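Here is the file final-v2.tsv (TSV, C-alpha atoms).
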chain	number	residue	atom	x	y	z
S	888	MET	CA	-24.95	4.08	95.31
S	889	ASN	CA	-23.99	1.32	97.72
S	890	LEU	CA	-21.33	-1.24	96.78
S	891	LYS	CA	-23.68	-4.13	96.22
S	892	CYS	CA	-25.94	-2.02	94.02
S	893	GLY	CA	-22.95	-1.13	91.85
S	894	TRP	CA	-22.48	-4.74	90.83
S	895	LEU	CA	-26.23	-5.19	90.61
S	896	LEU	CA	-26.49	-2.42	88.06
S	897	LEU	CA	-23.73	-4.06	86.10
S	898	LEU	CA	-24.93	-7.63	85.98
S	899	SER	CA	-27.77	-8.28	88.42
S	900	ILE	CA	-25.66	-11.05	89.91
S	901	SER	CA	-25.39	-10.07	93.55
S	902	THR	CA	-26.21	-12.58	96.24
S	903	GLY	CA	-29.84	-13.51	95.79
S	904	VAL	CA	-32.26	-14.03	98.64
S	905	TRP	CA	-35.48	-15.80	99.25
S	906	SER	CA	-37.82	-15.33	102.12
S	907	VAL	CA	-40.21	-17.61	103.92
S	908	PRO	CA	-43.72	-16.11	103.75
S	909	ILE	CA	-44.44	-13.85	106.70
S	910	ASP	CA	-46.52	-15.66	109.27
S	911	ARG	CA	-48.80	-13.42	111.31
S	912	HIS	CA	-50.74	-14.24	114.47
S	913	GLU	CA	-54.35	-13.30	114.96
S	914	GLY	CA	-54.69	-9.65	115.81
S	915	ASN	CA	-52.22	-8.78	113.04
S	916	GLN	CA	-49.18	-9.29	115.30
S	917	GLU	CA	-46.15	-9.57	113.01
S	918	VAL	CA	-43.82	-12.44	113.65
S	919	LYS	CA	-40.17	-12.02	112.73
S	920	GLU	CA	-39.67	-12.64	109.04
S	921	GLU	CA	-37.15	-15.37	108.27
S	922	VAL	CA	-34.69	-14.55	105.53
S	923	GLN	CA	-32.11	-16.91	104.17
S	924	GLU	CA	-29.38	-15.94	101.74
S	925	GLU	CA	-28.22	-18.22	98.99
S	926	SER	CA	-26.00	-17.87	95.98
S	927	VAL	CA	-27.95	-17.34	92.76
S	928	ASP	CA	-26.22	-18.79	89.73
S	929	THR	CA	-26.24	-16.43	86.74
S	930	GLY	CA	-26.32	-19.43	84.40
S	931	LEU	CA	-23.13	-18.26	82.65
S	932	TYR	CA	-20.55	-20.97	81.96
S	933	TYR	CA	-17.93	-18.74	83.66
S	934	ASP	CA	-20.17	-17.88	86.62
S	935	ARG	CA	-17.71	-19.04	89.29
S	936	TYR	CA	-14.81	-17.10	87.75
S	937	LEU	CA	-16.97	-13.97	87.50
S	938	ARG	CA	-18.03	-14.16	91.15
S	939	GLU	CA	-14.51	-14.85	92.42
S	940	VAL	CA	-13.13	-11.85	90.52
S	941	ILE	CA	-15.84	-9.63	92.01
S	942	GLU	CA	-15.19	-10.94	95.53
S	943	VAL	CA	-11.43	-10.31	95.24
S	944	LEU	CA	-11.90	-6.78	93.84
S	945	GLU	CA	-14.27	-5.89	96.66
S	946	THR	CA	-11.49	-6.57	99.19
S	947	ASP	CA	-9.49	-3.62	97.83
S	948	PRO	CA	-10.44	-0.33	99.59
S	949	HIS	CA	-9.56	1.86	96.58
S	950	PHE	CA	-11.62	-0.21	94.16
S	951	ARG	CA	-14.53	-0.36	96.61
S	952	GLU	CA	-14.53	3.42	96.84
S	953	LYS	CA	-14.48	3.85	93.06
S	954	LEU	CA	-17.28	1.35	92.62
S	955	GLN	CA	-19.45	3.15	95.16
S	956	THR	CA	-19.25	6.37	93.14
S	957	ALA	CA	-19.46	4.77	89.69
S	958	ASN	CA	-22.63	4.82	87.62
S	959	THR	CA	-23.88	2.11	85.30
S	960	GLU	CA	-22.19	3.58	82.22
S	961	ASP	CA	-18.83	3.88	84.03
S	962	ILE	CA	-18.99	0.16	84.74
S	963	LYS	CA	-20.25	-0.98	81.33
S	964	ASN	CA	-18.04	1.19	79.11
S	965	GLY	CA	-14.82	0.04	80.77
S	966	ARG	CA	-13.81	3.23	82.62
S	967	LEU	CA	-13.91	1.36	85.91
S	968	SER	CA	-11.46	-1.23	84.49
S	969	LYS	CA	-8.70	1.38	84.41
S	970	GLU	CA	-8.78	1.51	88.22
S	971	LEU	CA	-7.32	-2.00	88.26
S	972	ASP	CA	-3.80	-0.53	87.94
S	973	LEU	CA	-4.22	1.08	91.38
S	974	VAL	CA	-5.33	-1.94	93.41
S	975	SER	CA	-2.98	-3.52	95.95
S	976	HIS	CA	-0.30	-6.03	94.99
S	977	HIS	CA	-1.88	-8.97	96.85
S	978	VAL	CA	-5.21	-8.35	95.08
S	979	ARG	CA	-3.47	-8.37	91.67
S	980	THR	CA	-1.63	-11.56	92.64
S	981	ARG	CA	-4.90	-13.25	93.58
S	982	LEU	CA	-6.52	-12.11	90.30
S	983	ASP	CA	-3.57	-13.55	88.38
S	984	GLU	CA	-4.13	-16.90	90.13
S	985	LEU	CA	-7.84	-16.84	89.28
S	986	LYS	CA	-7.12	-16.18	85.61
S	987	ARG	CA	-4.59	-19.01	85.36
S	988	GLN	CA	-7.12	-21.35	86.99
S	989	GLU	CA	-9.80	-20.24	84.52
S	990	VAL	CA	-7.48	-20.77	81.54
S	991	SER	CA	-6.62	-24.24	82.84
S	992	ARG	CA	-10.32	-25.05	83.33
S	993	LEU	CA	-11.15	-23.92	79.80
S	994	ARG	CA	-8.33	-25.98	78.33
S	995	MET	CA	-9.63	-29.13	80.02
S	996	LEU	CA	-13.21	-28.34	78.99
S	997	LEU	CA	-12.27	-27.70	75.38
S	998	LYS	CA	-10.16	-30.85	75.17
S	999	ALA	CA	-13.07	-32.94	76.44
S	1000	LYS	CA	-15.50	-31.35	73.96
S	1001	LEU	CA	-13.11	-31.59	71.03
S	1002	ASP	CA	-12.38	-35.23	71.82
S	1003	SER	CA	-16.11	-35.94	71.68
S	1004	LEU	CA	-16.58	-33.76	68.53
S	1005	GLN	CA	-19.15	-31.59	70.33
S	1006	MET	CA	-17.77	-28.17	69.40
S	1007	ASP	CA	-17.13	-26.30	66.17
S	1008	HIS	CA	-14.46	-23.62	65.66
S	1009	ALA	CA	-16.80	-20.67	66.30
S	1010	SER	CA	-18.01	-22.17	69.57
S	1011	LEU	CA	-14.42	-22.82	70.61
S	1012	LEU	CA	-13.49	-19.15	70.16
S	1013	LYS	CA	-16.56	-18.04	72.11
S	1014	GLN	CA	-15.33	-19.90	75.20
S	1015	PHE	CA	-12.53	-17.32	75.56
S	1016	GLU	CA	-14.54	-14.14	75.04
S	1017	HIS	CA	-14.54	-13.22	78.73
S	1018	LEU	CA	-10.73	-13.05	79.04
S	1019	ASP	CA	-7.71	-11.93	77.01
S	1020	PRO	CA	-6.39	-15.10	75.32
S	1021	HIS	CA	-3.13	-13.42	74.29
S	1022	ASN	CA	-2.07	-13.08	77.92
S	1023	GLN	CA	-2.80	-16.26	79.87
S	1024	ASN	CA	-0.77	-15.56	83.00
S	1025	THR	CA	-1.73	-12.16	84.44
S	1026	PHE	CA	-5.05	-10.38	85.03
S	1027	GLU	CA	-4.97	-6.95	83.39
S	1028	ALA	CA	-7.43	-4.10	82.82
S	1029	LYS	CA	-8.27	-5.68	79.45
S	1030	ASP	CA	-9.44	-8.82	81.27
S	1031	LEU	CA	-11.79	-6.89	83.53
S	1032	GLU	CA	-13.16	-4.93	80.58
S	1033	LEU	CA	-13.79	-8.15	78.61
S	1034	LEU	CA	-15.35	-9.86	81.62
S	1035	ILE	CA	-17.76	-6.98	82.15
S	1036	SER	CA	-18.74	-6.57	78.49
S	1037	THR	CA	-19.13	-10.31	77.87
S	1038	ALA	CA	-21.17	-10.92	81.02
S	1039	THR	CA	-23.42	-7.93	80.26
S	1040	LYS	CA	-24.05	-9.19	76.71
S	1041	ASP	CA	-24.54	-12.81	77.79
S	1042	LEU	CA	-26.98	-11.90	80.55
S	1043	GLU	CA	-29.00	-9.83	78.09
S	1044	ASN	CA	-29.24	-12.91	75.85
S	1045	TYR	CA	-29.73	-15.38	78.69
S	1046	ASP	CA	-33.54	-15.20	78.78
S	1047	ALA	CA	-33.76	-15.74	75.00
S	1048	GLU	CA	-31.54	-18.81	75.34
S	1049	ARG	CA	-33.73	-20.15	78.15
S	1050	HIS	CA	-36.79	-19.76	75.92
S	1051	GLU	CA	-35.02	-21.63	73.12
S	1052	GLU	CA	-34.00	-24.44	75.48
S	1053	PHE	CA	-37.59	-24.74	76.67
S	1054	LYS	CA	-38.87	-24.87	73.09
S	1055	ARG	CA	-36.45	-27.73	72.34
S	1056	TYR	CA	-37.57	-29.48	75.51
S	1057	GLU	CA	-41.22	-29.24	74.46
S	1058	MET	CA	-40.46	-30.47	70.94
S	1059	LEU	CA	-38.48	-33.42	72.30
S	1060	LYS	CA	-41.39	-34.25	74.60
S	1061	GLU	CA	-43.83	-34.19	71.67
S	1062	HIS	CA	-41.45	-36.25	69.52
S	1063	GLU	CA	-41.18	-38.92	72.22
S	1064	ARG	CA	-44.97	-38.90	72.66
S	1065	ARG	CA	-45.51	-39.54	68.95
S	1066	GLU	CA	-42.85	-42.25	68.80
S	1067	TYR	CA	-44.40	-43.95	71.82
S	1068	LEU	CA	-47.84	-43.95	70.20
S	1069	LYS	CA	-46.40	-45.39	66.98
S	1070	SER	CA	-45.08	-48.36	68.93
S	1071	LEU	CA	-48.57	-49.37	70.10
S	1072	ASP	CA	-51.23	-51.35	68.29
S	1073	GLN	CA	-54.37	-49.46	67.24
S	1074	GLU	CA	-56.46	-50.36	70.29
S	1075	LYS	CA	-53.77	-49.40	72.80
S	1076	ARG	CA	-52.94	-46.27	70.83
S	1077	ASP	CA	-56.54	-45.04	70.93
S	1078	ARG	CA	-56.76	-45.73	74.64
S	1079	GLU	CA	-53.48	-43.95	75.36
S	1080	GLU	CA	-54.36	-40.93	73.21
S	1081	LYS	CA	-57.62	-40.59	75.10
S	1082	ARG	CA	-55.78	-40.73	78.45
S	1083	MET	CA	-53.29	-38.09	77.33
S	1084	GLN	CA	-56.04	-35.79	76.12
S	1085	GLU	CA	-57.85	-36.14	79.45
S	1086	LEU	CA	-54.67	-35.18	81.32
S	1087	LYS	CA	-54.23	-32.15	79.07
S	1088	GLU	CA	-57.81	-31.02	79.72
S	1089	LYS	CA	-57.39	-31.60	83.45
S	1090	HIS	CA	-54.31	-29.36	83.45
S	1091	ARG	CA	-56.28	-26.58	81.77
S	1092	GLN	CA	-58.95	-26.64	84.46
S	1093	HIS	CA	-57.31	-24.23	86.89
S	1094	PRO	CA	-58.37	-20.99	88.60
S	1095	LYS	CA	-57.93	-17.71	86.76
S	1096	VAL	CA	-54.34	-16.47	86.78
S	1097	ASN	CA	-53.96	-12.77	87.56
S	1098	SER	CA	-51.80	-10.72	85.23
S	1099	PRO	CA	-48.30	-10.41	86.77
S	1100	GLY	CA	-47.67	-7.03	88.36
S	1101	SER	CA	-51.36	-6.06	88.37
S	1102	VAL	CA	-53.14	-4.79	91.46
S	1103	ALA	CA	-55.10	-8.05	91.69
S	1104	GLN	CA	-51.94	-10.15	91.64
S	1105	LEU	CA	-50.11	-7.99	94.19
S	1106	ARG	CA	-53.13	-7.81	96.50
S	1107	GLU	CA	-53.28	-11.61	96.49
S	1108	VAL	CA	-49.65	-11.80	97.62
S	1109	TRP	CA	-50.33	-9.06	100.20
S	1110	GLU	CA	-53.25	-11.04	101.64
S	1111	GLU	CA	-52.26	-14.71	101.29
S	1112	THR	CA	-48.46	-14.56	101.59
S	1113	ASP	CA	-47.94	-11.49	103.77
S	1114	GLY	CA	-51.09	-12.04	105.85
S	1115	LEU	CA	-52.31	-8.45	105.55
S	1116	ASP	CA	-55.74	-6.92	105.01
S	1117	PRO	CA	-56.30	-6.56	101.22
S	1118	GLN	CA	-58.25	-3.34	101.83
S	1119	GLU	CA	-55.12	-1.78	103.33
S	1120	PHE	CA	-52.88	-2.57	100.36
S	1121	ASN	CA	-50.10	-0.03	100.06
S	1122	PRO	CA	-47.63	-0.22	97.12
S	1123	LYS	CA	-44.76	1.42	99.01
S	1124	THR	CA	-45.12	-0.92	101.98
S	1125	PHE	CA	-45.45	-3.87	99.60
S	1126	PHE	CA	-42.19	-2.92	97.89
S	1127	LYS	CA	-40.30	-2.68	101.19
S	1128	LEU	CA	-41.71	-6.00	102.37
S	1129	HIS	CA	-40.46	-7.81	99.29
S	1130	ASP	CA	-37.13	-6.04	98.97
S	1131	THR	CA	-35.89	-8.87	101.16
S	1132	ASN	CA	-32.22	-7.86	101.16
S	1133	GLU	CA	-33.10	-4.18	101.74
S	1134	ASP	CA	-30.89	-2.86	98.93
S	1135	GLY	CA	-33.54	-0.47	97.61
S	1136	VAL	CA	-34.39	-2.44	94.45
S	1137	LEU	CA	-36.30	-5.56	93.46
S	1138	ASP	CA	-33.98	-7.86	91.53
S	1139	GLU	CA	-35.12	-10.66	89.22
S	1140	GLN	CA	-35.15	-13.29	91.96
S	1141	GLU	CA	-37.22	-11.11	94.29
S	1142	LEU	CA	-39.68	-10.45	91.47
S	1143	GLU	CA	-40.01	-14.12	90.54
S	1144	ALA	CA	-40.77	-14.96	94.17
S	1145	LEU	CA	-43.91	-12.81	93.85
S	1146	PHE	CA	-45.39	-15.14	91.22
S	1147	THR	CA	-45.40	-18.31	93.31
S	1148	LYS	CA	-49.08	-18.01	94.32
S	1149	GLU	CA	-50.16	-17.60	90.68
S	1150	LEU	CA	-48.04	-20.54	89.54
S	1151	GLU	CA	-49.46	-22.77	92.26
S	1152	LYS	CA	-52.90	-22.29	90.69
S	1153	VAL	CA	-51.66	-24.04	87.54
S	1154	TYR	CA	-48.88	-26.40	88.62
S	1155	ASP	CA	-48.66	-29.06	91.31
S	1156	PRO	CA	-45.61	-31.38	91.37
S	1157	LYS	CA	-47.85	-34.21	92.59
S	1158	ASN	CA	-50.00	-34.12	89.44
S	1159	GLU	CA	-48.99	-36.16	86.42
S	1160	GLU	CA	-50.46	-33.56	84.07
S	1161	ASP	CA	-48.38	-30.67	85.47
S	1162	ASP	CA	-44.87	-30.21	84.09
S	1163	MET	CA	-42.47	-28.34	86.41
S	1164	MET	CA	-40.28	-27.31	83.46
S	1165	GLU	CA	-43.32	-25.52	82.06
S	1166	MET	CA	-43.85	-23.86	85.42
S	1167	GLU	CA	-40.34	-22.34	85.33
S	1168	GLU	CA	-40.92	-21.12	81.78
S	1169	GLU	CA	-44.17	-19.51	82.97
S	1170	ARG	CA	-42.28	-17.86	85.83
S	1171	LEU	CA	-39.76	-16.46	83.36
S	1172	ARG	CA	-42.54	-15.10	81.12
S	1173	MET	CA	-44.16	-13.40	84.13
S	1174	ARG	CA	-40.92	-11.77	85.18
S	1175	GLU	CA	-40.23	-10.54	81.64
S	1176	HIS	CA	-43.75	-9.10	81.45
S	1177	VAL	CA	-43.27	-7.11	84.66
S	1178	MET	CA	-39.77	-5.95	83.69
S	1179	LYS	CA	-41.01	-4.77	80.30
S	1180	ASN	CA	-43.72	-2.62	81.91
S	1181	VAL	CA	-41.89	-1.45	85.05
S	1182	ASP	CA	-38.12	-1.39	84.46
S	1183	THR	CA	-38.01	1.88	82.51
S	1184	ASN	CA	-34.20	2.32	82.52
S	1185	LYS	CA	-33.63	-1.34	81.48
S	1186	ASP	CA	-31.06	-2.12	84.20
S	1187	ARG	CA	-32.78	-5.43	85.10
S	1188	LEU	CA	-33.78	-3.99	88.48
S	1189	VAL	CA	-36.96	-2.33	89.74
S	1190	SER	CA	-36.45	0.75	91.91
S	1191	LEU	CA	-39.09	2.05	94.30
S	1192	GLU	CA	-39.73	5.01	91.98
S	1193	GLU	CA	-40.27	2.72	88.98
S	1194	PHE	CA	-42.53	0.47	91.01
S	1195	LEU	CA	-44.72	3.32	92.27
S	1196	LYS	CA	-45.01	4.83	88.78
S	1197	SER	CA	-46.19	1.48	87.41
S	1198	THR	CA	-49.09	1.50	89.89
S	1199	GLU	CA	-50.34	4.73	88.33
S	1200	LYS	CA	-50.74	3.16	84.88
S	1201	LYS	CA	-54.11	2.09	83.50
S	1202	GLU	CA	-52.81	-1.47	83.02
S	1203	PHE	CA	-52.16	-1.80	86.75
S	1204	ASN	CA	-55.89	-1.79	87.57
S	1205	ASN	CA	-57.24	-3.05	84.24
S	1206	PRO	CA	-54.68	-5.45	82.74
S	1207	LYS	CA	-55.21	-7.76	79.79
S	1208	GLU	CA	-56.10	-11.32	80.73
S	1209	TRP	CA	-52.96	-13.38	81.28
S	1210	GLU	CA	-52.56	-16.17	78.73
S	1211	THR	CA	-50.87	-19.23	80.25
S	1212	LEU	CA	-48.65	-21.63	78.33
S	1213	ASP	CA	-51.39	-24.25	78.01
S	1214	ASN	CA	-53.15	-21.81	75.64
S	1215	LYS	CA	-50.01	-20.57	73.91
S	1216	PRO	CA	-48.08	-23.03	71.70
S	1217	VAL	CA	-44.33	-22.49	71.84
S	1218	TYR	CA	-43.47	-24.08	68.47
S	1219	THR	CA	-44.98	-24.67	65.04
S	1220	GLU	CA	-45.37	-27.99	63.24
S	1221	GLU	CA	-42.66	-26.87	60.79
S	1222	GLU	CA	-40.25	-26.25	63.67
S	1223	LEU	CA	-41.04	-29.66	65.09
S	1224	GLN	CA	-40.34	-31.32	61.74
S	1225	ARG	CA	-36.97	-29.56	61.48
S	1226	PHE	CA	-36.16	-30.60	65.04
S	1227	GLU	CA	-37.02	-34.24	64.30
S	1228	ALA	CA	-34.84	-34.14	61.17
S	1229	GLU	CA	-32.01	-32.83	63.34
S	1230	LEU	CA	-32.56	-35.71	65.77
S	1231	ARG	CA	-32.43	-38.22	62.92
S	1232	ASP	CA	-29.17	-36.71	61.65
S	1233	LYS	CA	-27.64	-36.95	65.13
S	1234	GLU	CA	-28.84	-40.53	65.47
S	1235	GLU	CA	-27.24	-41.44	62.12
S	1236	GLU	CA	-24.00	-39.78	63.18
S	1237	LEU	CA	-24.00	-41.79	66.42
S	1238	LYS	CA	-24.60	-44.99	64.45
S	1239	ARG	CA	-21.66	-44.18	62.16
S	1240	ARG	CA	-19.41	-43.55	65.14
S	1241	ALA	CA	-20.58	-46.78	66.79
S	1242	GLU	CA	-19.86	-48.73	63.60
S	1243	THR	CA	-16.41	-47.17	63.30
S	1244	LEU	CA	-15.65	-48.12	66.91
S	1245	ARG	CA	-16.93	-51.67	66.31
S	1246	GLN	CA	-14.67	-52.06	63.27
S	1247	GLU	CA	-11.68	-50.74	65.20
S	1248	GLN	CA	-12.40	-53.19	68.03
S	1249	GLU	CA	-12.63	-56.08	65.55
S	1250	LEU	CA	-9.32	-55.04	64.00
S	1251	LEU	CA	-7.67	-54.92	67.41
S	1252	LYS	CA	-9.04	-58.36	68.25
S	1253	GLU	CA	-7.68	-59.81	64.99
S	1254	ARG	CA	-4.28	-58.26	65.58
S	1255	GLY	CA	-4.32	-59.63	69.12
S	1256	LYS	CA	-5.10	-63.14	67.87
S	1257	ALA	CA	-2.30	-62.92	65.28
S	1258	LEU	CA	0.20	-61.79	67.88
S	1259	GLU	CA	-0.89	-64.56	70.25
S	1260	ALA	CA	-0.46	-67.17	67.51
S	1261	GLN	CA	3.02	-65.85	66.74
S	1262	ARG	CA	3.92	-65.89	70.42
S	1263	ARG	CA	2.92	-69.55	70.71
S	1264	GLU	CA	4.80	-70.50	67.54
S	1265	TYR	CA	7.86	-68.68	68.79
S	1266	GLN	CA	7.66	-70.54	72.11
S	1267	GLN	CA	7.46	-73.86	70.29
S	1268	VAL	CA	10.52	-72.98	68.21
S	1269	ARG	CA	12.48	-72.04	71.30
S	1270	ASN	CA	11.62	-75.38	72.89
S	1271	SER	CA	12.50	-77.37	69.74
S	1272	PRO	CA	16.02	-78.45	68.66
S	1273	ALA	CA	15.97	-75.93	65.77
S	1274	SER	CA	19.19	-74.35	64.68
S	1275	SER	CA	20.20	-70.99	66.03
S	1276	VAL	CA	19.92	-69.55	62.53
S	1277	GLN	CA	16.28	-70.61	62.22
S	1278	LEU	CA	15.51	-69.22	65.67
S	1279	LYS	CA	17.07	-65.87	64.81
S	1280	ARG	CA	15.13	-65.66	61.55
S	1281	ARG	CA	11.81	-66.27	63.37
S	1282	GLU	CA	12.65	-63.54	65.93
S	1283	ILE	CA	13.20	-61.08	63.07
S	1284	ASP	CA	9.92	-62.06	61.36
S	1285	THR	CA	7.97	-61.66	64.61
S	1286	ALA	CA	9.48	-58.22	65.24
S	1287	ASN	CA	8.50	-57.08	61.74
S	1288	VAL	CA	4.86	-58.17	62.26
S	1289	GLN	CA	4.62	-56.33	65.57
Using structure tokens, write down the structure from this file.
Amino acid sequence: MNLKCGWLLLLSISTGVWSVPIDRHEGNQEVKEEVQEESVDTGLYYDRYLREVIEVLETDPHFREKLQTANTEDIKNGRLSKELDLVSHHVRTRLDELKRQEVSRLRMLLKAKLDSLQMDHASLLKQFEHLDPHNQNTFEAKDLELLISTATKDLENYDAERHEEFKRYEMLKEHERREYLKSLDQEKRDREEKRMQELKEKHRQHPKVNSPGSVAQLREVWEETDGLDPQEFNPKTFFKLHDTNEDGVLDEQELEALFTKELEKVYDPKNEEDDMMEMEEERLRMREHVMKNVDTNKDRLVSLEEFLKSTEKKEFNNPKEWETLDNKPVYTEEELQRFEAELRDKEEELKRRAETLRQEQELLKERGKALEAQRREYQQVRNSPASSVQLKRREIDTANVQ
């Protein structure tokens, strides 16, 4: 197992890559494939901390050696964390610095959220799951174990959370559509509803989308993206072509890149009727579909062996027709009604806060006016021939009011 693959098997968070489609001259002369590396964000709120810890650990020769020989279970069950006691002093010092920075970042984040009343107690505790909160100064084996277990769990739930976010996005879009129509008179409303329906129908008029991971879908990529003869399609060659970082596996980013041609049949950023948020949800659904059928050991990676075995299945040549999002509602009317009730509650809460702030501002203004009046009266007294006793009494009264 190479070093990069060790972390891949743990979290699938290694440096992602994307490749420009291979351009081939006539006569099937291959032109050099351009590959550009970029950092792929895991989407975790502690993504930067996670990556920095990994980068520091990889600088230690002993830890690198242990990682190269470790299997997935060694990493996930915490056995690898025990090797932290043997890393060099400067690596431990750097890890200590990273942890203190992360604790400081979380403190600032929590203060901001608590000040704005955006976080409950359970959510607050969750923010510290990836580190040991009882020791905020040094990075210990417990911290590495917690970081690994939390990241593994969070990544497993990440797709479900993305689906939920998309559902809320779609419900908000429908809510705003209905509110907009309510604001129009009958004639304009009818005209606008007709226009919206026409856009929806126009979006549905797209070429057939091949089932992700099927021979038809892969042949299309082979021909149109790779510029090769579809009659010479070879699964093993296809795999090597699209393992762009040559680590022996297809990660989630490399898989999702394969679906671009299918998505372009349905979505065009220039078209009003095509929603790019929906396109990304469709891409996620395609990747999940392939992973479910191909990734037999559930490590979020597709090995060459898994890929070749998937091409031997009946579904590879005769898949079910792929159902796109425009034919698959993502929420029910009941869910929409609950969502709208939640929006109304939030709106009422914002109104209450706004009213409280307005009242506080009015109170401050009144107190300011009172103090200004007292200041002027005091100035007049000082400039008048009043007795020193009267002047002293007014100073005491003013101090009591303030």
At what distance in Å, to one decimal, does atom CA of Lys1095 of chain S lie from atom CA of Gln1118 of chain S?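 Between these atoms lies a distance of 20.8 Å.
Residues in contact with Leu1137 of chain S at up to 8 Å, not including ones fewer than 3 positions away on its chain and judged by all atoms listed in the file, are S:Phe1126, S:His1129, S:Asp1130, S:Gln1140, S:Glu1141, S:Leu1142, S:Leu1188, S:Val1189, S:Ser1190.
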List the neighbours of Glu1220 of chain S out to 10 Å using only C-alpha atoms; skip same-chain residues closer than 5 positions along the sequence, and give me the result as a list in words. Met1058, Arg1225 and Phe1226 of chain S
Between atom CA of Met1164 of chain S and atom CA of Phe1053 of chain S, what distance in Å does the model show, to one decimal? 7.7 Å
Work out how far apart atom CA of Pro1099 of chain S and atom CA of Glu1057 of chain S are and give it in Å to one decimal. 23.6 Å
